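Enquirer: What follows is my_file_33.cif, made up of mmCIF, C-alpha atoms:
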```cif
data_data
#
loop_
_atom_site.label_atom_id
_atom_site.label_comp_id
_atom_site.auth_asym_id
_atom_site.auth_seq_id
_atom_site.Cartn_x
_atom_site.Cartn_y
_atom_site.Cartn_z
CA MET A 236 24.81 -5.18 7.15
CA PRO A 237 25.91 -4.31 3.59
CA HIS A 238 26.00 -0.62 2.65
CA ALA A 239 23.23 -0.96 0.02
CA TRP A 240 20.88 -2.70 2.46
CA LYS A 241 21.37 0.06 5.00
CA GLN A 242 20.55 2.67 2.37
CA LEU A 243 17.45 0.77 1.32
CA LEU A 244 16.25 0.36 4.90
CA VAL A 245 16.84 4.01 5.81
CA LEU A 246 15.12 5.38 2.70
CA THR A 247 12.16 3.03 3.14
CA LEU A 248 11.76 4.17 6.75
CA CYS A 249 11.91 7.81 5.62
CA ALA A 250 9.28 7.06 2.97
CA ALA A 251 7.09 5.43 5.63
CA VAL A 252 7.42 8.57 7.78
CA LEU A 253 6.38 10.80 4.88
CA VAL A 254 3.46 8.51 3.95
CA ALA A 255 2.26 8.51 7.58
CA LEU A 256 2.54 12.29 7.84
CA LEU A 257 0.69 12.72 4.55
CA GLY A 258 -2.03 10.44 5.86
CA GLN A 259 -2.46 12.67 8.91
CA GLY A 260 -2.38 15.80 6.73
CA ASN A 261 -5.07 14.40 4.45
CA HIS A 262 -7.14 13.41 7.47
CA ALA A 263 -7.11 17.07 8.54
CA LEU A 264 -7.75 18.36 5.00
CA ALA A 265 -10.67 15.99 4.31
CA PRO A 266 -13.42 18.52 5.28
CA LEU A 267 -12.01 20.93 2.67
CA GLY A 268 -12.17 18.40 -0.13
CA LEU A 269 -8.43 18.56 -0.85
CA THR A 270 -5.75 15.88 -0.94
CA LEU A 271 -1.97 16.07 -0.62
CA THR A 272 0.18 13.67 -2.61
CA MET A 273 3.96 13.85 -2.93
CA PRO A 274 5.13 10.90 -4.98
CA GLY A 275 8.02 12.94 -6.37
CA LEU A 276 9.57 13.45 -2.96
CA LEU A 277 9.56 9.72 -2.32
CA ILE A 278 11.88 9.02 -5.23
CA SER A 279 13.82 12.20 -6.04
CA TYR A 280 16.66 11.76 -3.52
CA ALA A 281 17.08 8.06 -4.36
CA ALA A 282 17.03 8.77 -8.09
CA LEU A 283 19.57 11.59 -7.86
CA ARG A 284 22.01 10.17 -5.33
CA LEU A 285 21.81 6.37 -5.05
CA PRO A 286 23.01 3.61 -7.39
CA LEU A 287 20.43 2.12 -9.73
CA GLY A 288 19.68 -1.11 -7.85
CA THR A 289 19.31 0.37 -4.38
CA GLY A 290 17.44 3.46 -5.56
CA LEU A 291 15.01 1.47 -7.69
CA ALA A 292 14.32 -0.93 -4.83
CA ALA A 293 13.65 2.04 -2.51
CA ALA A 294 11.27 3.58 -5.06
CA LEU A 295 9.41 0.29 -5.53
CA LEU A 296 9.09 -0.27 -1.78
CA ALA A 297 7.76 3.28 -1.32
CA GLY A 298 5.19 2.53 -4.04
CA LEU A 299 4.15 -0.67 -2.29
CA LEU A 300 3.70 1.27 0.97
CA ILE A 301 1.19 3.52 -0.82
CA ASP A 302 -0.42 0.60 -2.65
CA SER A 303 -1.16 -1.25 0.57
CA GLN A 304 -3.38 1.62 1.76
CA THR A 305 -5.23 2.36 -1.45
CA PRO A 306 -7.92 0.49 -3.35
CA VAL A 307 -5.86 -0.03 -6.48
CA GLU A 308 -4.11 -3.08 -7.84
CA PHE A 309 -1.18 -3.91 -5.58
CA GLY A 310 1.91 -2.78 -7.44
CA ARG A 311 0.39 0.06 -9.45
CA HIS A 312 2.02 2.92 -7.54
CA ALA A 313 5.22 0.89 -7.34
CA ALA A 314 5.30 0.66 -11.14
CA ILE A 315 4.57 4.39 -11.54
CA LEU A 316 7.23 5.39 -9.00
CA GLY A 317 9.66 2.95 -10.60
CA LEU A 318 9.12 4.56 -13.99
CA ALA A 319 9.54 8.05 -12.52
CA PHE A 320 12.72 6.88 -10.79
CA CYS A 321 14.15 5.60 -14.06
CA LEU A 322 13.38 8.87 -15.86
CA VAL A 323 15.08 10.99 -13.18
CA HIS A 324 17.98 8.54 -12.91
CA ARG A 325 18.43 8.73 -16.67
CA VAL A 326 18.92 12.52 -16.70
CA ARG A 327 20.73 12.95 -13.39
CA GLY A 328 24.16 13.11 -15.01
CA ARG A 329 23.22 16.46 -16.52
CA LEU A 330 22.11 17.97 -13.20
CA PRO A 331 23.97 19.33 -10.15
CA ARG A 332 22.38 16.44 -8.29
CA GLU A 333 23.80 17.01 -4.82
CA GLU A 334 21.86 20.26 -4.46
CA THR A 335 18.71 20.13 -2.35
CA VAL A 336 16.90 22.51 -4.66
CA VAL A 337 17.48 20.14 -7.59
CA ALA A 338 15.90 17.28 -5.64
CA VAL A 339 12.88 19.46 -4.80
CA VAL A 340 12.47 20.68 -8.39
CA ALA A 341 12.78 17.09 -9.65
CA ALA A 342 10.07 16.10 -7.14
CA LEU A 343 7.81 18.89 -8.44
CA PHE A 344 8.23 17.70 -12.03
CA VAL A 345 7.59 14.08 -11.04
CA ASN A 346 4.42 15.13 -9.17
CA LEU A 347 3.20 16.99 -12.24
CA GLY A 348 3.96 14.05 -14.51
CA ILE A 349 2.17 11.57 -12.27
CA PHE A 350 -0.91 13.80 -11.95
CA VAL A 351 -1.09 14.12 -15.74
CA LEU A 352 -0.60 10.37 -16.18
CA LEU A 353 -3.34 9.52 -13.66
CA ALA A 354 -5.69 12.06 -15.21
CA PHE A 355 -5.04 10.52 -18.62
CA LEU A 356 -5.57 6.97 -17.35
CA ASP A 357 -8.44 7.31 -14.89
CA LEU A 358 -10.34 10.58 -15.23
CA GLY A 359 -12.65 9.22 -17.94
CA GLY A 360 -13.79 6.45 -15.62
CA LEU A 361 -15.24 8.85 -13.05
CA PRO A 362 -19.02 9.41 -13.09
CA ASP A 363 -18.44 13.18 -13.24
CA PRO A 364 -15.11 13.83 -15.04
CA ALA A 365 -15.56 17.64 -15.01
CA ALA A 366 -15.78 17.81 -11.22
CA GLY A 367 -12.96 15.27 -11.04
CA ALA A 368 -10.69 17.41 -13.25
CA LEU A 369 -11.36 20.47 -11.11
CA ARG A 370 -10.58 18.53 -7.96
CA LEU A 371 -7.44 17.08 -9.51
CA LEU A 372 -6.22 20.55 -10.44
CA ALA A 373 -6.85 21.84 -6.91
CA ASP A 374 -5.07 18.79 -5.47
CA LEU A 375 -2.11 19.38 -7.79
CA LEU A 376 -1.78 23.03 -6.73
CA VAL A 377 -1.93 22.21 -3.02
CA SER A 378 0.42 19.25 -3.42
CA GLN A 379 3.01 21.26 -5.35
CA LEU A 380 2.92 24.00 -2.74
CA ALA A 381 3.31 21.45 0.06
CA THR A 382 6.12 19.67 -1.82
CA ALA A 383 8.01 22.94 -2.21
CA LEU A 384 7.62 23.62 1.52
CA VAL A 385 8.28 20.12 2.86
CA GLY A 386 10.84 19.10 0.21
CA PRO A 387 13.99 20.63 1.76
CA TRP A 388 13.15 19.11 5.15
CA PHE A 389 12.52 15.66 3.68
CA VAL A 390 15.72 15.69 1.61
CA ALA A 391 17.66 16.73 4.73
CA LEU A 392 15.94 13.96 6.71
CA GLN A 393 17.04 11.36 4.17
CA ARG A 394 20.58 12.75 3.97
CA HIS A 395 21.10 12.91 7.73
CA SER A 396 19.45 9.54 8.35
CA LEU A 397 21.84 7.95 5.86
CA GLN A 398 24.79 9.68 7.56
CA LEU A 399 23.59 8.50 10.97
CA ALA A 400 23.33 4.94 9.68
CA GLY A 401 26.80 5.22 8.17
CA ALA A 402 25.41 4.71 4.69
CA ALA A 403 25.82 8.11 3.07
CA PRO A 404 26.05 7.93 -0.73
CA GLN A 405 29.35 8.67 -2.42
CA HIS A 406 29.91 12.21 -3.64
CA ALA A 407 29.05 12.59 -7.28
CA THR A 408 31.71 13.82 -9.63
CA SER A 409 30.14 17.08 -10.65
CA ARG A 410 30.80 19.18 -13.69
CA PHE A 411 28.99 22.08 -12.00
CA ALA A 412 31.56 22.50 -9.20
CA MET B 837 26.80 3.36 -24.27
CA ARG B 838 23.24 3.05 -25.48
CA PHE B 839 22.60 0.08 -23.21
CA ALA B 840 23.97 2.07 -20.26
CA GLN B 841 21.37 4.75 -20.95
CA ALA B 842 18.55 2.22 -21.23
CA ARG B 843 19.72 0.16 -18.23
CA PRO B 844 17.31 1.69 -15.67
CA PHE B 845 14.34 0.96 -17.92
CA VAL B 846 15.50 -2.56 -18.72
CA THR B 847 15.97 -3.24 -15.00
CA LEU B 848 12.51 -1.86 -14.25
CA GLY B 849 11.02 -3.96 -17.04
CA VAL B 850 12.62 -7.12 -15.65
CA VAL B 851 11.38 -6.30 -12.12
CA LEU B 852 7.84 -5.61 -13.33
CA LEU B 853 7.81 -8.80 -15.39
CA ALA B 854 8.93 -10.80 -12.35
CA TRP B 855 6.23 -9.05 -10.27
CA ALA B 856 3.55 -9.90 -12.83
CA LEU B 857 4.57 -13.55 -12.71
CA LEU B 858 4.44 -13.74 -8.92
CA PRO B 859 1.55 -15.82 -7.52
CA THR B 860 -1.46 -13.80 -6.29
CA VAL B 861 -1.13 -15.38 -2.85
CA PHE B 862 2.29 -13.78 -2.43
CA LYS B 863 0.96 -10.35 -3.50
CA ARG B 864 -1.98 -10.67 -1.14
CA PHE B 865 0.33 -11.60 1.72
CA ALA B 866 2.68 -8.71 0.87
CA ARG B 867 -0.22 -6.24 0.77
CA LEU B 868 -1.55 -7.36 4.12
CA SER B 869 1.93 -7.25 5.64
CA PHE B 870 2.58 -3.71 4.39
CA TYR B 871 -0.85 -2.62 5.65
CA GLU B 872 -0.50 -4.17 9.09
CA LEU B 873 3.00 -2.70 9.47
CA GLN B 874 1.58 0.80 9.02
CA ALA B 875 -1.69 0.29 10.93
CA PRO B 876 -0.22 0.85 14.45
CA VAL B 877 1.05 4.29 13.38
CA GLU B 878 -2.44 5.38 12.35
CA VAL B 879 -4.07 3.91 15.41
CA ALA B 880 -1.49 5.59 17.66
CA ALA B 881 -2.09 8.92 15.90
CA SER B 882 -5.83 8.60 16.49
CA TYR B 883 -5.24 7.88 20.21
CA VAL B 884 -3.04 10.99 20.36
CA ARG B 885 -5.88 13.02 18.80
CA ASP B 886 -8.27 11.63 21.41
CA LEU B 887 -5.80 12.65 24.12
CA GLN B 888 -5.61 16.15 22.62
CA ASP B 889 -9.41 16.35 22.72
CA TYR B 890 -9.39 15.20 26.32
CA TRP B 891 -6.91 17.89 27.38
CA SER B 892 -8.73 20.56 25.43
CA GLN B 893 -11.94 19.53 27.22
CA ARG B 894 -10.08 19.87 30.54
CA THR B 895 -9.69 23.57 29.87
CA ARG B 896 -13.48 24.08 29.98
CA SER B 897 -14.89 25.92 32.96
CA LYS B 898 -17.12 24.26 35.55
CA THR B 899 -20.09 26.36 34.44
CA GLU B 900 -19.76 25.05 30.88
CA LEU B 901 -19.53 21.47 32.14
CA ILE B 902 -22.63 21.90 34.32
CA GLU B 903 -24.56 23.28 31.35
CA ALA B 904 -23.38 20.38 29.17
CA SER B 905 -24.40 17.81 31.79
CA ARG B 906 -27.87 19.40 32.06
CA GLU B 907 -28.22 19.21 28.30
CA LEU B 908 -27.13 15.56 28.40
CA ALA B 909 -29.67 14.79 31.14
CA ARG B 910 -32.42 16.27 28.95
CA LEU B 911 -31.24 14.21 25.98
CA ASN B 912 -31.10 11.05 28.10
CA ALA B 913 -34.67 11.59 29.26
CA SER B 914 -35.94 12.00 25.70
CA TYR B 915 -33.95 8.93 24.56
CA GLU B 916 -35.46 6.83 27.34
CA LEU B 917 -38.93 7.81 26.17
CA ARG B 918 -37.97 6.88 22.61
CA LEU B 919 -36.58 3.53 23.76
CA GLY B 920 -39.94 2.66 25.25
CA GLU B 921 -41.67 3.66 22.02
CA ASP B 922 -39.08 1.70 20.02
CA ALA B 923 -39.73 -1.49 22.02
CA ARG B 924 -43.49 -1.09 21.45
CA LEU B 925 -43.00 -0.62 17.68
CA ARG B 926 -40.65 -3.61 17.46
CA ALA B 927 -43.23 -5.79 19.18
CA GLU B 928 -45.86 -4.52 16.74
CA ILE B 929 -43.62 -5.28 13.73
CA THR B 930 -42.93 -8.80 15.01
CA ARG B 931 -46.66 -9.37 15.54
CA LEU B 932 -47.51 -8.16 12.02
CA GLU B 933 -44.69 -10.20 10.44
CA ALA B 934 -46.02 -13.32 12.16
CA LEU B 935 -49.61 -12.48 11.21
CA LEU B 936 -48.86 -11.77 7.55
CA ARG B 937 -46.03 -14.32 7.30
CA LEU B 938 -43.62 -11.63 6.03
CA PRO B 939 -39.86 -12.16 5.97
CA SER B 940 -38.33 -10.13 8.78
CA TYR B 941 -35.80 -7.32 8.26
CA GLY B 942 -32.18 -8.23 8.84
CA GLU B 943 -31.05 -7.90 12.44
CA TYR B 944 -27.91 -5.94 13.26
CA ARG B 945 -25.59 -5.45 16.18
CA ALA B 946 -24.40 -1.85 16.61
CA GLU B 947 -20.64 -1.50 16.99
CA PRO B 948 -19.45 2.08 17.57
CA ALA B 949 -15.93 2.87 16.32
CA ARG B 950 -13.59 5.86 16.20
CA VAL B 951 -12.26 7.10 12.86
CA THR B 952 -8.47 6.85 12.63
CA ARG B 953 -7.96 8.22 9.14
CA ARG B 954 -10.05 9.91 6.46
CA ASP B 955 -8.80 9.44 2.91
CA PHE B 956 -10.92 11.53 0.55
CA THR B 957 -9.34 11.72 -2.89
CA VAL B 958 -10.85 12.33 -6.28
CA TRP B 959 -10.62 8.59 -7.00
CA TRP B 960 -12.08 7.23 -3.77
CA GLN B 961 -13.50 8.30 -0.41
CA ARG B 962 -12.57 5.97 2.41
CA MET B 963 -11.98 6.05 6.10
CA VAL B 964 -10.20 3.71 8.45
CA ILE B 965 -11.93 2.86 11.72
CA ARG B 966 -10.40 1.54 14.90
CA LYS B 967 -12.18 -1.82 15.00
CA GLY B 968 -11.69 -4.88 12.86
CA GLU B 969 -11.73 -8.65 13.11
CA ASN B 970 -11.11 -8.30 16.84
CA HIS B 971 -14.67 -6.91 17.16
CA GLY B 972 -16.33 -9.18 14.62
CA ILE B 973 -16.73 -6.55 11.88
CA LYS B 974 -17.79 -8.13 8.58
CA ILE B 975 -17.11 -7.01 5.03
CA GLY B 976 -20.20 -5.35 3.55
CA SER B 977 -21.61 -4.19 6.90
CA PRO B 978 -23.42 -0.85 6.62
CA VAL B 979 -21.91 2.06 8.55
CA ILE B 980 -24.01 4.89 9.98
CA TYR B 981 -23.61 8.03 12.08
CA THR B 982 -25.94 10.51 13.71
CA GLY B 983 -26.67 12.15 10.34
CA GLY B 984 -27.57 8.95 8.44
CA LEU B 985 -25.66 6.56 6.21
CA VAL B 986 -21.85 6.76 5.95
CA GLY B 987 -21.13 3.83 3.63
CA ARG B 988 -20.10 0.21 3.97
CA VAL B 989 -17.14 -1.80 5.19
CA VAL B 990 -14.94 -2.93 2.29
CA GLU B 991 -11.87 -4.29 4.08
CA VAL B 992 -11.48 -5.85 7.50
CA HIS B 993 -8.04 -6.15 9.11
CA SER B 994 -7.02 -7.43 12.51
CA THR B 995 -7.64 -4.21 14.47
CA THR B 996 -8.91 -1.81 11.81
CA SER B 997 -11.47 -1.76 9.01
CA VAL B 998 -11.80 0.34 5.88
CA VAL B 999 -15.14 2.01 5.11
CA GLU B 1000 -16.07 3.14 1.62
CA LEU B 1001 -18.07 6.35 1.86
CA LEU B 1002 -21.20 7.42 0.02
CA GLY B 1003 -19.16 9.90 -2.02
CA SER B 1004 -16.92 7.19 -3.45
CA PRO B 1005 -17.37 6.47 -7.17
CA GLY B 1006 -17.33 2.74 -6.41
CA LEU B 1007 -20.41 2.87 -4.21
CA ARG B 1008 -23.83 2.32 -5.77
CA LEU B 1009 -27.08 1.69 -3.95
CA ALA B 1010 -30.83 1.74 -4.39
CA ALA B 1011 -32.39 4.82 -2.80
CA VAL B 1012 -35.85 6.36 -2.58
CA PHE B 1013 -37.10 9.91 -2.22
CA GLU B 1014 -38.61 10.44 1.21
CA GLY B 1015 -42.36 9.89 0.93
CA ASP B 1016 -42.04 7.92 -2.32
CA ASP B 1017 -41.45 4.18 -2.67
CA ARG B 1018 -40.02 3.97 -6.20
CA PRO B 1019 -36.30 3.09 -6.15
CA VAL B 1020 -33.68 5.21 -7.92
CA SER B 1021 -30.00 4.49 -8.47
CA PHE B 1022 -27.47 6.45 -6.41
CA GLN B 1023 -23.76 6.56 -7.15
CA GLY B 1024 -21.09 8.64 -5.42
CA GLY B 1025 -18.30 10.23 -7.33
CA ALA B 1026 -18.64 13.99 -7.77
CA ASN B 1027 -16.08 15.31 -5.31
CA PRO B 1028 -15.36 18.96 -6.09
CA PRO B 1029 -12.73 20.87 -4.10
CA LEU B 1030 -13.74 23.08 -1.14
CA ARG B 1031 -17.33 21.82 -1.26
CA PRO B 1032 -19.14 18.79 0.17
CA ALA B 1033 -19.17 15.64 -1.94
CA GLU B 1034 -22.12 14.93 -4.22
CA GLY B 1035 -23.76 11.82 -5.57
CA LEU B 1036 -25.34 11.20 -8.95
CA LEU B 1037 -28.85 9.85 -9.43
CA GLU B 1038 -30.22 7.78 -12.30
CA PHE B 1039 -33.59 6.22 -13.17
CA VAL B 1040 -35.58 8.90 -11.31
CA PRO B 1041 -39.31 8.85 -12.27
CA LEU B 1042 -40.35 11.82 -14.41
CA ASP B 1043 -42.98 13.07 -11.95
CA LEU B 1044 -40.43 13.78 -9.21
CA PHE B 1045 -39.03 17.29 -8.93
CA ALA B 1046 -36.24 18.94 -6.95
CA THR B 1047 -34.57 22.33 -7.23
CA PRO B 1048 -31.91 24.15 -5.19
CA SER B 1049 -34.70 26.15 -3.51
CA ALA B 1050 -36.91 23.09 -2.92
CA PRO B 1051 -34.57 20.12 -2.40
CA ARG B 1052 -35.86 16.61 -1.63
CA ARG B 1053 -34.46 14.21 0.95
CA LEU B 1054 -33.01 10.94 -0.32
CA VAL B 1055 -32.99 7.86 1.91
CA THR B 1056 -32.01 4.20 1.57
CA SER B 1057 -34.65 1.92 0.09
CA GLY B 1058 -33.74 -1.26 1.96
CA LEU B 1059 -33.63 -3.13 -1.36
CA GLY B 1060 -30.71 -5.47 -1.79
CA GLY B 1061 -30.60 -6.39 1.87
CA VAL B 1062 -27.39 -4.51 2.70
CA TYR B 1063 -28.59 -1.15 4.01
CA PRO B 1064 -31.60 -0.87 6.34
CA PRO B 1065 -34.40 1.28 4.87
CA GLY B 1066 -34.91 4.94 5.74
CA LEU B 1067 -31.28 6.00 6.36
CA TYR B 1068 -30.60 9.57 5.22
CA ILE B 1069 -28.26 9.81 2.21
CA GLY B 1070 -28.42 13.41 1.06
CA GLU B 1071 -30.44 16.23 -0.41
CA VAL B 1072 -31.41 16.11 -4.08
CA TRP B 1073 -31.09 19.63 -5.50
CA GLN B 1074 -31.08 19.02 -9.23
CA LEU B 1075 -33.17 16.80 -11.49
CA GLU B 1076 -33.07 16.88 -15.28
CA PRO B 1077 -34.57 14.65 -17.96
CA SER B 1078 -32.09 11.98 -19.08
CA THR B 1079 -31.00 11.72 -22.71
CA ASP B 1080 -33.45 8.89 -23.44
CA GLY B 1081 -36.35 10.87 -21.96
CA LEU B 1082 -37.63 7.88 -19.98
CA PHE B 1083 -36.24 8.94 -16.62
CA LYS B 1084 -34.51 11.83 -14.93
CA THR B 1085 -30.93 12.14 -13.73
CA GLY B 1086 -29.88 14.31 -10.85
CA ARG B 1087 -27.46 15.30 -8.14
CA ALA B 1088 -27.65 14.85 -4.39
CA ARG B 1089 -25.58 16.93 -1.99
CA LEU B 1090 -24.13 14.81 0.80
CA ASP B 1091 -24.00 15.99 4.40
CA PRO B 1092 -20.88 18.15 4.96
CA ARG B 1093 -20.50 16.49 8.38
CA LEU B 1094 -19.31 13.36 6.55
CA GLY B 1095 -16.02 15.17 5.96
CA ARG B 1096 -15.46 15.84 9.65
CA ILE B 1097 -16.79 12.63 11.06
CA THR B 1098 -14.87 11.22 14.05
CA GLU B 1099 -17.11 8.39 15.24
CA VAL B 1100 -19.35 5.96 13.37
CA THR B 1101 -21.47 2.90 14.14
CA VAL B 1102 -21.01 -0.30 12.18
CA LEU B 1103 -24.21 -2.34 11.83
CA VAL B 1104 -22.84 -5.87 12.00
CA PRO B 1105 -25.42 -8.33 10.62
CA LEU B 1106 -26.38 -11.02 13.10
CA ASP B 1107 -27.11 -13.48 10.29
CA PRO B 1108 -24.04 -15.80 10.21
CA HIS B 1109 -24.60 -16.40 6.47
CA PHE B 1110 -24.51 -12.67 5.64
CA LYS B 1111 -22.57 -12.10 2.42
CA VAL B 1112 -22.46 -9.14 0.10
CA ALA B 1113 -22.19 -9.43 -3.64
CA PRO B 1114 -18.99 -7.75 -4.86
#
```
Can the structure from this file be put into structure tokens for me?
Expert:
Amino acid sequence: MPHAWKQLLVLTLCAAVLVALLGQGNHALAPLGLTLTMPGLLISYAALRLPLGTGLAAALLAGLLIDSQTPVEFGRHAAILGLAFCLVHRVRGRLPREETVVAVVAALFVNLGIFVLLAFLDLGGLPDPAAGALRLLADLLVSQLATALVGPWFVALQRHSLQLAGAAPQHATSRFA
Amino acid sequence: MRFAQARPFVTLGVVLLAWALLPTVFKRFARLSFYELQAPVEVAASYVRDLQDYWSQRTRSKTELIEASRELARLNASYELRLGEDARLRAEITRLEALLRLPSYGEYRAEPARVTRRDFTVWWQRMVIRKGENHGIKIGSPVIYTGGLVGRVVEVHSTTSVVELLGSPGLRLAAVFEGDDRPVSFQGGANPPLRPAEGLLEFVPLDLFATPSAPRRLVTSGLGGVYPPGLYIGEVWQLEPSTDGLFKTGRARLDPRLGRITEVTVLVPLDPHFKVAP
């Protein structure tokens, strides 16, 4: 199997694991009226470490995984994650992108951006936007906290899975070394 | 150099354009495939939770189990009495329908199902249940639990179904205040954090009142033919005159148990021509 295909397969499987775990976490959090979402984590490693084609495909597939379980137009999350991927990929040359902490911070910023974008797009359509905004803010706080906690583990999972599959990305030439 | 910087966005644009041009059939197939690939994970997780419950129940002492079985025996006795009463009332309804030539209420088959996943976000409130096409679940079927109405089935897959809950902004239904027969409009959608979900009411007659200290029960009206009448929806705790002054608007607090629900009953219509308007 070509190197790029292996990378795509491994990252998609990792994304499926995270989506499944988030589903279980949200199942447990449902009585509290809180929701965890970590779109940033799904794309940050791919955007920082992988080539454009493979990384973008991984981001789009992760988006489709989410889309299949949500009552939105199929492809919406894929488009949002694709856009977030492109933004991170665009600036990655200026970052020490092999560092785990950079991947987690990038994920936090992507989460924030996506929450703001969704609030801008959809909040007005809710029957009670004030309650919706409050809920969205609470969800953002909980999600950011969870992303900061889970992020290092998930980045390590992706890195080691790629190594196990013999598809580790090439080392970046870093100006921060 | 400039093109190199814009390359990710150009690539994304090309991919999205190609996606937009794809036939809907392909997207539908892809969605179903992605869903069905993930479904076994959720179902397996729910079986694991059931197993955890089982082993936690095994830690109970014999005394507790004896007390629980006594309580169950009492409940069974009272349910048997109610079954007899129920059969008598059904016969009476059938007799009156025949006498007055009234159309009969829709008949349902009760299909109990375990909840595999609750997905309560600000944008929607849904749950996945562990029965689907394999048990004849139909889209639009009402879903109930011991506390009243849960919602309705919006998607049916091979072994799972998706239920849209009362608190979901996409769910609207005709309701009535208990003891009153004038319909009001109920819509879910106020889902604050750390509190039970709420629904919003419209077109409430001006002579109805409800306050936090004297709330009123809201139940299904039976209008529209989807939900049977008399199912508990929530407690109306606020009513205010609407901006046009012709009606009142209000808020209904939904049962907090909806957030912890683990088992529901799907009322599958027996009418083979049952269809729900989108």
Enquirer: Might you pull out every residue within 6 Å of Ala1046 in chain B, with all atoms listed in the file counted and same-chain residues fewer than 6 positions away left off, and present them as a tab-separated table (two decimals) with C-alpha atoms, in the frame of the given file?
Expert:
```tsv
chain	number	residue	atom	x	y	z
B	1052	ARG	CA	-35.86	16.61	-1.63
B	1073	TRP	CA	-31.09	19.63	-5.50
B	1074	GLN	CA	-31.08	19.02	-9.23
B	1075	LEU	CA	-33.17	16.80	-11.49
```
Enquirer: Return the neighbours of chain A among the residues of chain B, cut-off 9 Å, counting all atoms listed in the file, as a ChimeraX atom specification.
Expert: /B:841-845,847-848,852,855,863-864,866-871,874,877-878,881,952-960,963,1005,1023-1033,1036,1092-1097
Enquirer: Can you tell me how far CA of Arg962 in chain B sits from CA of Glu943 in chain B, in Å to one decimal?
Expert: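 CA of Glu943 in chain B lies at a distance of 25.2 Å from CA of Arg962 in chain B.
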Enquirer: Between CA of Ala904 in chain B and CA of Val979 in chain B, what is the distance, to one decimal in Å?
Expert: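 Taking CA of Ala904 in chain B as the start and CA of Val979 in chain B as the end point, the length is 27.6 Å.
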Enquirer: One decimal, in Å: what's the spacing between CA of Thr860 in chain B and CA of Leu873 in chain B?
Expert: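 Spanning CA of Thr860 in chain B to CA of Leu873 in chain B is a straight-line distance of 19.8 Å.
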Enquirer: Between A:Val340, A:Arg284, A:Val345, A:Val351, which residue has the minimum interatomic distance to Gly328 in chain A, considering all atoms listed in the file?
Expert: A:Arg284
Enquirer: So that I can see what lies close to Val990 in chain B, please list as a list in words the residues with an atom at most 9 Å from it, counting all atoms listed in the file and leaving out residues fewer than 4 positions away in the same chain.
Expert: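 These residues fall inside the cut-off: Lys974, Ile975, Gly976, Ser977, Ser997, Val998, Val999 and Glu1000 of chain B.
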Enquirer: Just the residues within 9 Å of Ala391 in chain A, please, counting only C-alpha atoms, with nothing from its chain fewer than 5 positions along; format it as a VMD selection string.
Expert: chain A and resid 335 386 396
